[in-house]
file input.json (JSON, C-alpha atoms)
[["chain", "number", "residue", "atom", "x", "y", "z"],
["A", 1, "MET", "CA", 86.81, 80.22, 72.02],
["A", 2, "ALA", "CA", 88.41, 77.01, 73.18],
["A", 3, "PRO", "CA", 90.41, 77.37, 76.38],
["A", 4, "ARG", "CA", 94.08, 76.62, 76.51],
["A", 5, "ALA", "CA", 95.02, 73.58, 78.49],
["A", 6, "SER", "CA", 95.14, 73.93, 82.27],
["A", 7, "ARG", "CA", 98.43, 72.73, 83.65],
["A", 8, "SER", "CA", 99.99, 71.81, 86.95],
["A", 9, "PRO", "CA", 103.65, 71.86, 85.90],
["A", 10, "HIS", "CA", 104.93, 70.95, 89.34],
["A", 11, "PRO", "CA", 103.77, 68.12, 91.58],
["A", 12, "TYR", "CA", 102.88, 69.61, 94.95],
["A", 13, "GLY", "CA", 105.42, 69.51, 97.69],
["A", 14, "HIS", "CA", 107.49, 72.25, 99.27],
["A", 15, "ARG", "CA", 110.61, 71.22, 97.38],
["A", 16, "SER", "CA", 109.17, 69.86, 94.17],
["A", 17, "LEU", "CA", 107.14, 73.02, 93.61],
["A", 18, "HIS", "CA", 110.23, 75.18, 93.61],
["A", 19, "ARG", "CA", 112.98, 72.94, 92.24],
["A", 20, "SER", "CA", 111.39, 71.02, 89.43],
["A", 21, "LEU", "CA", 113.06, 72.92, 86.58],
["A", 22, "PRO", "CA", 116.76, 72.34, 85.96],
["A", 23, "GLU", "CA", 118.97, 75.37, 86.48],
["A", 24, "ARG", "CA", 119.89, 75.57, 82.81],
["A", 25, "GLN", "CA", 116.24, 76.50, 82.07],
["A", 26, "LEU", "CA", 116.29, 79.43, 84.47],
["A", 27, "THR", "CA", 117.71, 81.87, 81.95],
["A", 28, "VAL", "CA", 115.95, 84.76, 80.28],
["A", 29, "VAL", "CA", 114.59, 83.70, 76.90],
["A", 30, "SER", "CA", 112.11, 86.52, 76.34],
["A", 31, "SER", "CA", 111.96, 90.24, 77.09],
["A", 32, "THR", "CA", 108.18, 90.42, 76.57],
["A", 33, "CYS", "CA", 106.41, 91.14, 79.83],
["A", 34, "LYS", "CA", 103.71, 88.67, 80.82],
["A", 35, "ALA", "CA", 101.26, 88.67, 83.73],
["A", 36, "VAL", "CA", 100.10, 86.07, 86.23],
["A", 37, "ILE", "CA", 96.94, 86.47, 88.31],
["A", 38, "LEU", "CA", 96.85, 84.41, 91.51],
["A", 39, "SER", "CA", 93.29, 83.18, 91.97],
["A", 40, "ALA", "CA", 93.55, 79.78, 93.66],
["A", 41, "GLY", "CA", 92.22, 80.54, 97.15],
["A", 42, "ARG", "CA", 88.74, 79.94, 98.54],
["A", 43, "GLY", "CA", 88.16, 83.55, 99.64],
["A", 44, "SER", "CA", 86.24, 82.40, 102.71],
["A", 45, "ARG", "CA", 86.03, 85.91, 104.20],
["A", 46, "MET", "CA", 83.64, 86.75, 101.38],
["A", 47, "GLY", "CA", 81.19, 84.24, 102.84],
["A", 48, "SER", "CA", 78.50, 82.90, 100.53],
["A", 49, "LEU", "CA", 79.62, 85.15, 97.67],
["A", 50, "THR", "CA", 82.50, 82.78, 96.93],
["A", 51, "ALA", "CA", 80.58, 79.55, 97.55],
["A", 52, "ASP", "CA", 80.74, 78.71, 93.85],
["A", 53, "ARG", "CA", 83.51, 80.91, 92.46],
["A", 54, "PRO", "CA", 86.85, 82.49, 93.43],
["A", 55, "LYS", "CA", 87.00, 86.17, 94.34],
["A", 56, "SER", "CA", 88.40, 87.25, 90.98],
["A", 57, "LEU", "CA", 85.17, 86.13, 89.31],
["A", 58, "LEU", "CA", 82.87, 88.03, 91.64],
["A", 59, "HIS", "CA", 80.59, 90.54, 89.94],
["A", 60, "ILE", "CA", 80.91, 93.78, 91.90],
["A", 61, "GLY", "CA", 79.52, 97.02, 90.56],
["A", 62, "GLY", "CA", 78.51, 95.45, 87.27],
["A", 63, "ALA", "CA", 81.77, 93.74, 86.29],
["A", 64, "ARG", "CA", 84.04, 91.00, 87.56],
["A", 65, "LEU", "CA", 87.26, 91.82, 89.34],
["A", 66, "LEU", "CA", 88.99, 89.76, 86.65],
["A", 67, "ASP", "CA", 87.50, 91.98, 83.91],
["A", 68, "ARG", "CA", 89.12, 95.01, 85.52],
["A", 69, "GLN", "CA", 92.45, 93.24, 85.99],
["A", 70, "LEU", "CA", 92.55, 92.16, 82.35],
["A", 71, "ALA", "CA", 91.56, 95.63, 81.14],
["A", 72, "ALA", "CA", 94.31, 97.28, 83.18],
["A", 73, "LEU", "CA", 96.97, 94.79, 82.09],
["A", 74, "ARG", "CA", 96.05, 95.03, 78.42],
["A", 75, "ALA", "CA", 95.93, 98.83, 78.55],
["A", 76, "ALA", "CA", 99.52, 98.62, 79.84],
["A", 77, "ARG", "CA", 100.44, 96.53, 76.78],
["A", 78, "ILE", "CA", 100.55, 93.14, 78.49],
["A", 79, "HIS", "CA", 98.65, 90.55, 76.48],
["A", 80, "ASP", "CA", 100.15, 87.23, 77.59],
["A", 81, "ILE", "CA", 98.15, 86.65, 80.76],
["A", 82, "ALA", "CA", 97.78, 83.52, 82.87],
["A", 83, "VAL", "CA", 95.67, 82.64, 85.89],
["A", 84, "VAL", "CA", 96.73, 80.24, 88.64],
["A", 85, "THR", "CA", 93.54, 78.41, 89.58],
["A", 86, "GLY", "CA", 92.50, 76.30, 92.54],
["A", 87, "TRP", "CA", 89.04, 76.67, 94.08],
["A", 88, "GLN", "CA", 86.35, 76.24, 91.41],
["A", 89, "ALA", "CA", 89.02, 76.03, 88.71],
["A", 90, "HIS", "CA", 86.52, 74.99, 86.03],
["A", 91, "ARG", "CA", 85.05, 78.49, 86.14],
["A", 92, "PHE", "CA", 88.03, 79.69, 84.09],
["A", 93, "ASN", "CA", 87.81, 77.07, 81.36],
["A", 94, "ASP", "CA", 85.84, 79.22, 78.93],
["A", 95, "LEU", "CA", 88.27, 82.13, 79.13],
["A", 96, "ASP", "CA", 90.99, 82.63, 76.54],
["A", 97, "LEU", "CA", 93.74, 82.67, 79.14],
["A", 98, "GLU", "CA", 96.67, 80.43, 79.95],
["A", 99, "LEU", "CA", 95.82, 78.38, 83.05],
["A", 100, "PHE", "CA", 98.13, 76.93, 85.67],
["A", 101, "HIS", "CA", 96.56, 74.89, 88.47],
["A", 102, "ASN", "CA", 97.44, 74.48, 92.12],
["A", 103, "SER", "CA", 95.76, 71.19, 92.97],
["A", 104, "ARG", "CA", 96.63, 71.62, 96.65],
["A", 105, "TRP", "CA", 95.27, 75.14, 96.92],
["A", 106, "ALA", "CA", 93.44, 74.44, 100.19],
["A", 107, "GLU", "CA", 96.63, 73.62, 102.08],
["A", 108, "SER", "CA", 99.22, 75.86, 100.49],
["A", 109, "ASP", "CA", 100.26, 79.49, 100.44],
["A", 110, "MET", "CA", 99.99, 82.20, 97.80],
["A", 111, "THR", "CA", 103.66, 81.67, 97.07],
["A", 112, "ASP", "CA", 102.99, 78.01, 96.25],
["A", 113, "SER", "CA", 100.38, 79.12, 93.73],
["A", 114, "LEU", "CA", 102.94, 81.50, 92.26],
["A", 115, "ALA", "CA", 105.39, 78.62, 91.89],
["A", 116, "CYS", "CA", 102.87, 76.77, 89.71],
["A", 117, "ALA", "CA", 103.59, 79.44, 87.06],
["A", 118, "GLU", "CA", 107.35, 78.93, 87.28],
["A", 119, "GLU", "CA", 107.56, 78.19, 83.57],
["A", 120, "TRP", "CA", 106.62, 81.80, 82.82],
["A", 121, "LEU", "CA", 108.56, 83.29, 85.72],
["A", 122, "CYS", "CA", 111.75, 81.77, 84.33],
["A", 123, "GLU", "CA", 111.21, 83.10, 80.81],
["A", 124, "GLY", "CA", 111.16, 86.85, 81.29],
["A", 125, "PRO", "CA", 109.66, 89.78, 83.23],
["A", 126, "THR", "CA", 106.30, 88.95, 84.79],
["A", 127, "VAL", "CA", 103.78, 91.17, 86.54],
["A", 128, "VAL", "CA", 102.05, 89.27, 89.33],
["A", 129, "CYS", "CA", 98.79, 90.34, 90.96],
["A", 130, "TYR", "CA", 96.55, 88.86, 93.61],
["A", 131, "GLY", "CA", 93.09, 87.86, 92.44],
["A", 132, "ASP", "CA", 91.22, 90.17, 94.80],
["A", 133, "ILE", "CA", 92.70, 93.55, 93.87],
["A", 134, "VAL", "CA", 91.91, 96.07, 91.15],
["A", 135, "PHE", "CA", 94.28, 98.76, 89.90],
["A", 136, "PRO", "CA", 94.79, 101.31, 87.11],
["A", 137, "PRO", "CA", 96.90, 100.71, 83.97],
["A", 138, "ALA", "CA", 99.42, 103.32, 85.14],
["A", 139, "ALA", "CA", 100.36, 101.08, 88.08],
["A", 140, "VAL", "CA", 101.22, 98.25, 85.69],
["A", 141, "GLU", "CA", 103.09, 100.55, 83.33],
["A", 142, "ASP", "CA", 105.18, 101.89, 86.21],
["A", 143, "LEU", "CA", 106.08, 98.35, 87.27],
["A", 144, "ARG", "CA", 106.96, 97.35, 83.71],
["A", 145, "THR", "CA", 109.33, 100.24, 83.20],
["A", 146, "GLU", "CA", 110.99, 100.33, 86.63],
["A", 147, "PRO", "CA", 114.34, 98.49, 86.55],
["A", 148, "GLY", "CA", 114.98, 95.84, 89.17],
["A", 149, "ASP", "CA", 114.81, 92.08, 89.71],
["A", 150, "ILE", "CA", 111.81, 92.55, 92.01],
["A", 151, "VAL", "CA", 109.67, 95.70, 92.00],
["A", 152, "VAL", "CA", 106.63, 96.07, 94.25],
["A", 153, "ALA", "CA", 103.73, 98.49, 93.95],
["A", 154, "TYR", "CA", 102.60, 100.33, 97.08],
["A", 155, "ASP", "CA", 100.02, 102.88, 98.13],
["A", 156, "PRO", "CA", 101.63, 105.89, 99.87],
["A", 157, "HIS", "CA", 98.13, 107.15, 100.80],
["A", 158, "TRP", "CA", 97.15, 103.84, 102.37],
["A", 159, "ALA", "CA", 95.49, 105.42, 105.41],
["A", 160, "ASP", "CA", 92.66, 106.84, 103.27],
["A", 161, "LEU", "CA", 91.49, 103.35, 102.32],
["A", 162, "TRP", "CA", 92.41, 101.58, 105.56],
["A", 163, "THR", "CA", 90.45, 104.13, 107.60],
["A", 164, "GLN", "CA", 87.36, 103.24, 105.58],
["A", 165, "ARG", "CA", 87.98, 99.51, 105.93],
["A", 166, "PHE", "CA", 88.98, 99.20, 109.59],
["A", 167, "THR", "CA", 88.13, 100.88, 112.88],
["A", 168, "ASP", "CA", 91.82, 100.67, 113.77],
["A", 169, "PRO", "CA", 93.82, 100.96, 110.52],
["A", 170, "LEU", "CA", 97.04, 99.75, 112.16],
["A", 171, "SER", "CA", 95.36, 96.49, 113.20],
["A", 172, "ASP", "CA", 95.47, 95.20, 109.63],
["A", 173, "ALA", "CA", 98.39, 97.21, 108.23],
["A", 174, "GLU", "CA", 101.90, 95.86, 107.76],
["A", 175, "THR", "CA", 105.16, 97.72, 108.13],
["A", 176, "PHE", "CA", 106.45, 99.32, 104.96],
["A", 177, "ARG", "CA", 109.46, 101.64, 104.97],
["A", 178, "LEU", "CA", 111.80, 102.77, 102.23],
["A", 179, "ARG", "CA", 115.45, 103.70, 101.96],
["A", 180, "GLU", "CA", 116.42, 107.03, 100.42],
["A", 181, "ASP", "CA", 117.12, 105.29, 97.11],
["A", 182, "GLY", "CA", 113.52, 104.05, 96.85],
["A", 183, "THR", "CA", 114.19, 100.44, 97.80],
["A", 184, "VAL", "CA", 112.34, 98.61, 100.56],
["A", 185, "ARG", "CA", 114.05, 98.41, 103.95],
["A", 186, "ASP", "CA", 111.15, 97.00, 105.99],
["A", 187, "ILE", "CA", 108.01, 95.10, 105.00],
["A", 188, "GLY", "CA", 105.51, 92.65, 106.39],
["A", 189, "ASP", "CA", 105.73, 93.05, 110.18],
["A", 190, "ARG", "CA", 103.06, 94.31, 112.57],
["A", 191, "PRO", "CA", 103.41, 98.07, 113.12],
["A", 192, "VAL", "CA", 103.08, 99.63, 116.56],
["A", 193, "SER", "CA", 103.08, 103.24, 115.32],
["A", 194, "ASP", "CA", 102.19, 105.19, 112.19],
["A", 195, "ASP", "CA", 105.82, 106.03, 111.42],
["A", 196, "MET", "CA", 106.45, 102.35, 110.67],
["A", 197, "VAL", "CA", 104.03, 102.52, 107.73],
["A", 198, "GLU", "CA", 105.07, 104.71, 104.80],
["A", 199, "GLY", "CA", 102.68, 102.86, 102.51],
["A", 200, "GLN", "CA", 101.08, 99.50, 101.95],
["A", 201, "TYR", "CA", 102.17, 96.75, 99.59],
["A", 202, "MET", "CA", 99.23, 96.09, 97.30],
["A", 203, "GLY", "CA", 99.66, 92.51, 96.16],
["A", 204, "LEU", "CA", 101.02, 93.70, 92.81],
["A", 205, "PHE", "CA", 104.65, 93.30, 91.76],
["A", 206, "LYS", "CA", 107.01, 92.56, 88.89],
["A", 207, "THR", "CA", 109.72, 89.92, 88.95],
["A", 208, "GLU", "CA", 112.50, 89.17, 86.52],
["A", 209, "PRO", "CA", 113.83, 85.60, 86.24],
["A", 210, "ALA", "CA", 116.69, 86.53, 88.58],
["A", 211, "GLY", "CA", 114.15, 87.84, 91.09],
["A", 212, "TRP", "CA", 112.13, 84.64, 90.87],
["A", 213, "ARG", "CA", 115.25, 82.59, 91.58],
["A", 214, "ARG", "CA", 115.75, 84.61, 94.77],
["A", 215, "ILE", "CA", 112.10, 84.14, 95.77],
["A", 216, "ARG", "CA", 112.27, 80.42, 95.08],
["A", 217, "SER", "CA", 115.47, 80.04, 97.11],
["A", 218, "ALA", "CA", 113.88, 81.92, 100.02],
["A", 219, "LEU", "CA", 110.85, 79.64, 99.84],
["A", 220, "ASP", "CA", 113.03, 76.55, 100.08],
["A", 221, "LYS", "CA", 114.88, 78.00, 103.06],
["A", 222, "ALA", "CA", 111.61, 78.95, 104.74],
["A", 223, "HIS", "CA", 110.46, 75.35, 104.44],
["A", 224, "ASP", "CA", 113.73, 74.06, 105.89],
["A", 225, "VAL", "CA", 113.54, 76.28, 108.99],
["A", 226, "GLY", "CA", 109.75, 76.55, 109.32],
["A", 227, "SER", "CA", 109.58, 80.32, 108.86],
["A", 228, "ARG", "CA", 106.98, 82.46, 107.07],
["A", 229, "ARG", "CA", 106.10, 81.50, 103.51],
["A", 230, "ASP", "CA", 103.58, 84.24, 102.71],
["A", 231, "MET", "CA", 104.58, 86.81, 100.10],
["A", 232, "THR", "CA", 105.44, 89.69, 102.43],
["A", 233, "GLY", "CA", 107.25, 87.25, 104.70],
["A", 234, "ILE", "CA", 109.42, 86.12, 101.78],
["A", 235, "LEU", "CA", 110.03, 89.72, 100.71],
["A", 236, "ALA", "CA", 110.98, 90.60, 104.28],
["A", 237, "THR", "CA", 113.51, 87.76, 104.29],
["A", 238, "LEU", "CA", 115.04, 88.91, 101.02],
["A", 239, "VAL", "CA", 115.31, 92.50, 102.25],
["A", 240, "ALA", "CA", 116.52, 91.87, 105.80],
["A", 241, "GLU", "CA", 118.53, 88.67, 105.64],
["A", 242, "GLU", "CA", 119.82, 88.61, 102.08],
["A", 243, "ASN", "CA", 120.27, 92.36, 101.61],
["A", 244, "MET", "CA", 118.37, 92.33, 98.34],
["A", 245, "ARG", "CA", 117.40, 95.66, 96.80],
["A", 246, "VAL", "CA", 113.66, 95.35, 96.23],
["A", 247, "ARG", "CA", 112.49, 98.46, 94.42],
["A", 248, "ALA", "CA", 109.12, 100.09, 95.10],
["A", 249, "VAL", "CA", 106.88, 102.30, 92.97],
["A", 250, "PRO", "CA", 103.97, 104.36, 94.35],
["A", 251, "VAL", "CA", 100.63, 103.57, 92.77],
["A", 252, "PRO", "CA", 98.49, 106.27, 91.23],
["A", 253, "GLY", "CA", 94.92, 105.50, 92.25],
["A", 254, "PRO", "CA", 92.30, 104.33, 92.18],
["A", 255, "TRP", "CA", 92.88, 100.82, 93.48],
["A", 256, "CYS", "CA", 91.19, 98.58, 96.04],
["A", 257, "GLU", "CA", 91.44, 95.19, 97.74],
["A", 258, "PHE", "CA", 88.38, 92.99, 98.25],
["A", 259, "ASP", "CA", 89.43, 90.70, 101.05],
["A", 260, "SER", "CA", 86.10, 90.40, 102.86],
["A", 261, "VAL", "CA", 82.43, 91.37, 102.60],
["A", 262, "THR", "CA", 83.14, 94.54, 104.57],
["A", 263, "ASP", "CA", 85.30, 95.82, 101.70],
["A", 264, "LEU", "CA", 82.33, 96.06, 99.33],
["A", 265, "ALA", "CA", 81.03, 99.39, 100.65],
["A", 266, "PRO", "CA", 84.35, 101.31, 100.83],
["A", 267, "GLY", "CA", 85.35, 99.85, 97.48],
["A", 268, "ALA", "CA", 82.26, 100.98, 95.57],
["A", 269, "GLU", "CA", 83.38, 104.54, 94.86],
["A", 270, "ARG", "CA", 86.86, 103.41, 93.88],
["A", 271, "LEU", "CA", 85.42, 100.85, 91.47],
["A", 272, "ALA", "CA", 83.26, 103.54, 89.86],
["A", 273, "ARG", "CA", 86.32, 105.75, 89.28],
["A", 274, "LEU", "CA", 88.37, 102.85, 88.00],
["A", 275, "ASP", "CA", 85.64, 101.73, 85.61],
["A", 276, "ARG", "CA", 85.51, 105.21, 84.11],
["A", 277, "LEU", "CA", 89.26, 105.09, 83.66],
["A", 278, "LEU", "CA", 89.09, 101.63, 82.06],
["A", 279, "ALA", "CA", 86.02, 102.57, 80.00],
["A", 280, "LEU", "CA", 84.15, 99.55, 81.34],
["A", 281, "ASP", "CA", 80.38, 99.49, 80.86],
["A", 282, "ARG", "CA", 78.38, 99.66, 84.09],
["A", 283, "PRO", "CA", 74.68, 98.90, 84.47],
["A", 284, "THR", "CA", 72.32, 101.88, 84.40],
["A", 285, "PRO", "CA", 71.07, 102.69, 87.92]]

call {"tool": "encode", "arguments": {"input": "input.json", "output": "structure tokens"}}
result
Amino acid sequence: MAPRASRSPHPYGHRSLHRSLPERQLTVVSSTCKAVILSAGRGSRMGSLTADRPKSLLHIGGARLLDRQLAALRAARIHDIAVVTGWQAHRFNDLDLELFHNSRWAESDMTDSLACAEEWLCEGPTVVCYGDIVFPPAAVEDLRTEPGDIVVAYDPHWADLWTQRFTDPLSDAETFRLREDGTVRDIGDRPVSDDMVEGQYMGLFKTEPAGWRRIRSALDKAHDVGSRRDMTGILATLVAEENMRVRAVPVPGPWCEFDSVTDLAPGAERLARLDRLLALDRPTP
């Protein structure tokens, strides 16, 4: 099937990426939930495995990470799905997916890749996922149905996975604490004790157009003052400095992140469980 055209709707630049659409276009024109997969980065911590493809196209346990992402999204009734490409972008050309392209992927942040899909983010609710995670349909369904301009998915049992991935789980964890009403009160800092980590943000969230406007504004301010532009840094700014109520939903497993080669072993069992849930075919041992 012929691919849809790959687009770079915004010329790169910290301001042009986030301010290229006039404000009158930033209104909700659709209530249908879409999804955007961020797959622009090189994935260098995967070593030679990503020498010729991004992490989302890695075959692990008999299927690509992208296959599992698409299966989970479609099982949660999301069928309009786009990928933001960068490294080895041509690898996506034969897929029947909408493509946005970050031509400056090597020198930009995940949030800049997200901004390349601004056309969709301004139209209606959008589920966003990083290209190196896998997750069950229930996680997407919970995001879709949870009210809020920005809703993040988190793992309340994070220590189970982090203990398998790291000798010192806190060394890679980020702070994540909730208010009594289920909104985020702290995210994205380095924890010094376990009580600063009530879960881990997964790299999976939903944003409404109003939420995207807040993210975009925070990105512009971060550029002006030279502060953090990564996703949890932006969320931390919205929560702490702008008093935004970012809602959080716990994720029913299984899920996993494949950030580096060392994640392959601890992720194998989780992939097997997820594939059974998604009814994906796996090679016979």

call {"tool": "residues_near_point", "arguments": {"input": "input.json", "point": "(98.8, 79.0, 91.3)", "cutoff": "12 Å", "atoms": "only C-alpha atoms", "output": "ChimeraX atom specification"}}
result
/A:6-12,17,36-41,82-87,89,98-106,108-120,128-131

call {"tool": "write_last_selection", "arguments": {"input": "input.json", "atoms": "C-alpha atoms", "output": "CSV table (one decimal), in the frame of the given file"}}
result
chain,number,residue,atom,x,y,z
A,6,SER,CA,95.1,73.9,82.3
A,7,ARG,CA,98.4,72.7,83.6
A,8,SER,CA,100.0,71.8,87.0
A,9,PRO,CA,103.6,71.9,85.9
A,10,HIS,CA,104.9,71.0,89.3
A,11,PRO,CA,103.8,68.1,91.6
A,12,TYR,CA,102.9,69.6,95.0
A,17,LEU,CA,107.1,73.0,93.6
A,36,VAL,CA,100.1,86.1,86.2
A,37,ILE,CA,96.9,86.5,88.3
A,38,LEU,CA,96.8,84.4,91.5
A,39,SER,CA,93.3,83.2,92.0
A,40,ALA,CA,93.6,79.8,93.7
A,41,GLY,CA,92.2,80.5,97.2
A,82,ALA,CA,97.8,83.5,82.9
A,83,VAL,CA,95.7,82.6,85.9
A,84,VAL,CA,96.7,80.2,88.6
A,85,THR,CA,93.5,78.4,89.6
A,86,GLY,CA,92.5,76.3,92.5
A,87,TRP,CA,89.0,76.7,94.1
A,89,ALA,CA,89.0,76.0,88.7
A,98,GLU,CA,96.7,80.4,80.0
A,99,LEU,CA,95.8,78.4,83.0
A,100,PHE,CA,98.1,76.9,85.7
A,101,HIS,CA,96.6,74.9,88.5
A,102,ASN,CA,97.4,74.5,92.1
A,103,SER,CA,95.8,71.2,93.0
A,104,ARG,CA,96.6,71.6,96.6
A,105,TRP,CA,95.3,75.1,96.9
A,106,ALA,CA,93.4,74.4,100.2
A,108,SER,CA,99.2,75.9,100.5
A,109,ASP,CA,100.3,79.5,100.4
A,110,MET,CA,100.0,82.2,97.8
A,111,THR,CA,103.7,81.7,97.1
A,112,ASP,CA,103.0,78.0,96.2
A,113,SER,CA,100.4,79.1,93.7
A,114,LEU,CA,102.9,81.5,92.3
A,115,ALA,CA,105.4,78.6,91.9
A,116,CYS,CA,102.9,76.8,89.7
A,117,ALA,CA,103.6,79.4,87.1
A,118,GLU,CA,107.4,78.9,87.3
A,119,GLU,CA,107.6,78.2,83.6
A,120,TRP,CA,106.6,81.8,82.8
A,128,VAL,CA,102.0,89.3,89.3
A,129,CYS,CA,98.8,90.3,91.0
A,130,TYR,CA,96.6,88.9,93.6
A,131,GLY,CA,93.1,87.9,92.4

call {"tool": "closest_residue", "arguments": {"input": "input.json", "among": "A:Pro209, A:Gly199, A:Pro252, A:Pro136", "to": "Arg276 of chain A", "atoms": "all atoms listed in the file"}}
result
A:Pro136

call {"tool": "residues_around", "arguments": {"input": "input.json", "residues": "segment 124-126 of chain A", "least_positions_apart": "4", "cutoff": "12 Å", "atoms": "all atoms listed in the file", "output": "PyMOL selection string"}}
result
chain A and resi 25-37+73+78-82+114+117-120+140+143-152+204-213

call {"tool": "closest_residue", "arguments": {"input": "input.json", "among": "A:Gln164, A:Arg245, A:Ile215, A:Asp67", "to": "Leu178 of chain A", "atoms": "all atoms listed in the file"}}
result
A:Arg245

call {"tool": "closest_residue", "arguments": {"input": "input.json", "among": "A:Pro250, A:Leu58, A:Arg177, A:Ser171", "to": "Val192 of chain A", "atoms": "only C-alpha atoms"}}
result
A:Ser171

call {"tool": "closest_residue", "arguments": {"input": "input.json", "among": "A:Ala236, A:Trp255, A:Thr183, A:Arg216", "to": "His157 of chain A", "atoms": "all atoms listed in the file"}}
result
A:Trp255

call {"tool": "residues_near_point", "arguments": {"input": "input.json", "point": "(86.9, 93.2, 88.9)", "cutoff": "10 Å", "atoms": "all atoms listed in the file", "output": "PDB file with C-alpha atoms, keeping the file's coordinate frame"}}
result
ATOM      1  CA  LYS A  55      87.000  86.170  94.340  1.00  0.00           C
ATOM      2  CA  SER A  56      88.400  87.250  90.980  1.00  0.00           C
ATOM      3  CA  LEU A  57      85.170  86.130  89.310  1.00  0.00           C
ATOM      4  CA  LEU A  58      82.870  88.030  91.640  1.00  0.00           C
ATOM      5  CA  HIS A  59      80.590  90.540  89.940  1.00  0.00           C
ATOM      6  CA  ILE A  60      80.910  93.780  91.900  1.00  0.00           C
ATOM      7  CA  GLY A  61      79.520  97.020  90.560  1.00  0.00           C
ATOM      8  CA  GLY A  62      78.510  95.450  87.270  1.00  0.00           C
ATOM      9  CA  ALA A  63      81.770  93.740  86.290  1.00  0.00           C
ATOM     10  CA  ARG A  64      84.040  91.000  87.560  1.00  0.00           C
ATOM     11  CA  LEU A  65      87.260  91.820  89.340  1.00  0.00           C
ATOM     12  CA  LEU A  66      88.990  89.760  86.650  1.00  0.00           C
ATOM     13  CA  ASP A  67      87.500  91.980  83.910  1.00  0.00           C
ATOM     14  CA  ARG A  68      89.120  95.010  85.520  1.00  0.00           C
ATOM     15  CA  GLN A  69      92.450  93.240  85.990  1.00  0.00           C
ATOM     16  CA  LEU A  70      92.550  92.160  82.350  1.00  0.00           C
ATOM     17  CA  ALA A  71      91.560  95.630  81.140  1.00  0.00           C
ATOM     18  CA  GLY A 131      93.090  87.860  92.440  1.00  0.00           C
ATOM     19  CA  ASP A 132      91.220  90.170  94.800  1.00  0.00           C
ATOM     20  CA  ILE A 133      92.700  93.550  93.870  1.00  0.00           C
ATOM     21  CA  VAL A 134      91.910  96.070  91.150  1.00  0.00           C
ATOM     22  CA  PHE A 135      94.280  98.760  89.900  1.00  0.00           C
ATOM     23  CA  CYS A 256      91.190  98.580  96.040  1.00  0.00           C
ATOM     24  CA  PHE A 258      88.380  92.990  98.250  1.00  0.00           C
ATOM     25  CA  LEU A 271      85.420 100.850  91.470  1.00  0.00           C
ATOM     26  CA  LEU A 274      88.370 102.850  88.000  1.00  0.00           C
ATOM     27  CA  ASP A 275      85.640 101.730  85.610  1.00  0.00           C
TER      28      ASP A 275
END

call {"tool": "atom_distance", "arguments": {"input": "input.json", "atom1": "atom CA of Ala272 of chain A", "atom2": "atom CA of Arg74 of chain A"}}
result
19.2 Å

call {"tool": "atom_distance", "arguments": {"input": "input.json", "atom1": "atom CA of Met196 of chain A", "atom2": "atom CA of Thr175 of chain A"}}
result
5.4 Å

call {"tool": "closest_residue", "arguments": {"input": "input.json", "among": "A:Thr163, A:His223, A:Arg179, A:Ser260", "to": "Leu49 of chain A", "atoms": "all atoms listed in the file"}}
result
A:Ser260

call {"tool": "residues_around", "arguments": {"input": "input.json", "residues": "Leu161 of chain A", "least_positions_apart": "4", "cutoff": "9 Å", "atoms": "all atoms listed in the file", "output": "list of chain:residue names"}}
result
A:His157, A:Arg165, A:Phe166, A:Pro169, A:Cys256, A:Pro266, A:Gly267

call {"tool": "closest_residue", "arguments": {"input": "input.json", "among": "A:Asp189, A:Glu257, A:Val246, A:Asp195", "to": "Thr232 of chain A", "atoms": "only C-alpha atoms"}}
result
A:Asp189

call {"tool": "atom_distance", "arguments": {"input": "input.json", "atom1": "atom CA of Pro137 of chain A", "atom2": "atom CA of Gly253 of chain A"}}
result
9.8 Å
